[in-house]
Amino acid sequence: MKDIVNKNTTPPSPGFVFTDSRTGIVHKDLSLFAIFPKVAKSWEANGIQPPDNWKAVVIHEMCEQNPHIECREEGEPEEHMTLADAYRFGSSVTKWIAGGAQFVSNEEAELRAAICAKCHYNKPVGICWNCHSLLKWMGERTGWPETSRDHELRGCTRCKCVLKLKVQLPLDAIDNTGISYPEHCWQRC
Ligand code: SF4
């Protein structure tokens, strides 16, 4: 069974979407928790008996249907940012702003994203609230670009960075103090 990594944070674009194969109804909302009553109501109207763990079933099916929603397999350990990781992230943002808040070219970001998508260090990473707020602020201020592989990107468990953002940053804006990367990593090119 799959579970959604962040149920309470900023909804994934274009929101939470559940296509119910039982009723044919597509449920869509910016809040995951607003989906459940809609599903329950549609099942009741169609005489469908919900299984005991029906919310978990809905979430699992939603994960399978929507690669844009960040999910992980049940029991898969989640890595968390440490204070040192948060410090490096803050330092990278400072360097990035000082360097003119530039992003790399689309071609470069696509190349990096393709490497990260296949990397075994690409896994769910729990980020702290301060970092989440900083990311939200950056997204709102800059509307940072996307790659065609964003739906495959999670966090990098070497540095605990959010890969969707990291692949867009110039190398000289990334603080990698104390971190080593595998041979195949684009940061070693
Ligand atoms: S180690 Fe390098 S290639 Fe692998 S996920 Fe991290 S940044 Fe991407």
# chains A, B, ... in the order shown; residues from 1 in each chain; ligands from 1

$ residues_near_ligand --ligand "ligand 1" --cutoff "9 Å" --atoms "only C-alpha atoms and all ligand atoms" --output "PyMOL selection string"
chain A and resi 112-123+153-161+163+166-167+180-188

$ write_last_selection --atoms "N, CA and C atoms" --output "compact mmCIF listing (two decimals), in the first residue's frame"
# COMPACT_ATOMS: atom_id res chain seq x y z
N ARG A 112 19.96 17.07 -15.64
CA ARG A 112 20.13 16.76 -14.21
C ARG A 112 18.95 15.93 -13.69
N ALA A 113 17.74 16.37 -14.05
CA ALA A 113 16.54 15.67 -13.56
C ALA A 113 16.53 14.22 -14.04
N ALA A 114 16.99 13.98 -15.27
CA ALA A 114 17.01 12.61 -15.81
C ALA A 114 17.97 11.74 -14.99
N ILE A 115 19.09 12.33 -14.56
CA ILE A 115 20.06 11.57 -13.74
C ILE A 115 19.47 11.30 -12.35
N CYS A 116 18.91 12.33 -11.74
CA CYS A 116 18.32 12.16 -10.40
C CYS A 116 17.17 11.15 -10.40
N ALA A 117 16.36 11.18 -11.48
CA ALA A 117 15.19 10.30 -11.53
C ALA A 117 15.58 8.84 -11.42
N LYS A 118 16.79 8.51 -11.93
CA LYS A 118 17.23 7.11 -11.91
C LYS A 118 18.14 6.80 -10.71
N CYS A 119 18.44 7.80 -9.92
CA CYS A 119 19.41 7.63 -8.82
C CYS A 119 18.75 6.98 -7.60
N HIS A 120 19.45 6.03 -6.96
CA HIS A 120 18.86 5.37 -5.80
C HIS A 120 18.85 6.26 -4.56
N TYR A 121 19.47 7.42 -4.64
CA TYR A 121 19.38 8.37 -3.51
C TYR A 121 18.15 9.27 -3.63
N ASN A 122 17.40 9.13 -4.71
CA ASN A 122 16.17 9.91 -4.92
C ASN A 122 15.02 9.23 -4.17
N LYS A 123 14.72 9.74 -2.98
CA LYS A 123 13.71 9.11 -2.11
C LYS A 123 12.95 10.20 -1.34
N LEU A 153 10.83 13.15 -9.18
CA LEU A 153 11.85 13.65 -8.25
C LEU A 153 11.30 13.76 -6.84
N ARG A 154 12.07 13.28 -5.87
CA ARG A 154 11.71 13.37 -4.46
C ARG A 154 12.76 14.26 -3.77
N GLY A 155 13.43 13.69 -2.77
CA GLY A 155 14.54 14.40 -2.14
C GLY A 155 15.82 13.64 -2.43
N CYS A 156 16.94 14.30 -2.27
CA CYS A 156 18.23 13.60 -2.39
C CYS A 156 18.63 13.20 -0.98
N THR A 157 18.78 11.91 -0.73
CA THR A 157 19.09 11.49 0.64
C THR A 157 20.56 11.67 0.99
N ARG A 158 21.39 12.16 0.04
CA ARG A 158 22.77 12.54 0.37
C ARG A 158 22.76 13.91 1.07
N CYS A 159 22.04 14.87 0.48
CA CYS A 159 22.07 16.24 1.01
C CYS A 159 20.74 16.64 1.64
N LYS A 160 19.67 15.83 1.45
CA LYS A 160 18.29 16.08 1.91
C LYS A 160 17.65 17.27 1.19
N CYS A 161 18.17 17.59 0.00
CA CYS A 161 17.59 18.69 -0.77
C CYS A 161 16.32 18.24 -1.50
N LEU A 163 14.73 17.86 -4.78
CA LEU A 163 15.38 17.77 -6.09
C LEU A 163 14.75 18.65 -7.16
N LYS A 166 16.60 21.74 -6.58
CA LYS A 166 18.04 21.63 -6.71
C LYS A 166 18.51 21.55 -8.16
N VAL A 167 17.77 20.81 -9.00
CA VAL A 167 18.21 20.66 -10.40
C VAL A 167 18.15 21.99 -11.15
N SER A 180 29.32 14.15 0.18
CA SER A 180 29.95 13.53 -0.98
C SER A 180 28.86 12.90 -1.84
N TYR A 181 29.11 12.86 -3.12
CA TYR A 181 28.11 12.35 -4.06
C TYR A 181 28.68 11.19 -4.88
N PRO A 182 27.80 10.32 -5.37
CA PRO A 182 28.27 9.17 -6.16
C PRO A 182 28.83 9.63 -7.51
N GLU A 183 29.59 8.75 -8.14
CA GLU A 183 30.24 9.05 -9.42
C GLU A 183 29.26 9.56 -10.47
N HIS A 184 28.06 8.99 -10.49
CA HIS A 184 27.12 9.33 -11.57
C HIS A 184 26.42 10.66 -11.35
N CYS A 185 26.60 11.28 -10.18
CA CYS A 185 25.85 12.51 -9.86
C CYS A 185 26.30 13.67 -10.73
N TRP A 186 25.33 14.45 -11.19
CA TRP A 186 25.65 15.60 -12.05
C TRP A 186 26.46 16.67 -11.31
N GLN A 187 26.47 16.61 -9.99
CA GLN A 187 27.25 17.60 -9.24
C GLN A 187 28.74 17.31 -9.28
N ARG A 188 29.12 16.15 -9.80
CA ARG A 188 30.54 15.81 -9.92
C ARG A 188 31.07 16.08 -11.32

$ select_by_dssp --residues "segment 81-189 of chain A" --states "helix (DSSP H, G or I)" --output "count of residues only"
56

$ residues_around --residues "segment 91-103 of chain A" --least-positions-apart "2" --cutoff "8 Å" --atoms "only C-alpha atoms" --output "JSON, numbers by chain"
{"A": [87, 88, 89, 105, 144, 168, 169, 170, 172, 173, 174, 175]}

$ closest_residue --among "A:Val57, A:Ala86, A:Ala109, A:Ile179" --to "Leu134 of chain A" --atoms "only C-alpha atoms"
A:Ala86

$ closest_atom_pairs --of "segment 84-159 of chain A" --to "segment 73-80 of chain A" --cutoff "6 Å" --atoms "only C-alpha atoms" --output "tab-separated table"
residue	atom	partner	partner_atom	distance
A:Pro124	CA	A:Glu78	CA	5.9
A:Val125	CA	A:Glu79	CA	4.7
A:Gly126	CA	A:His80	CA	4.6
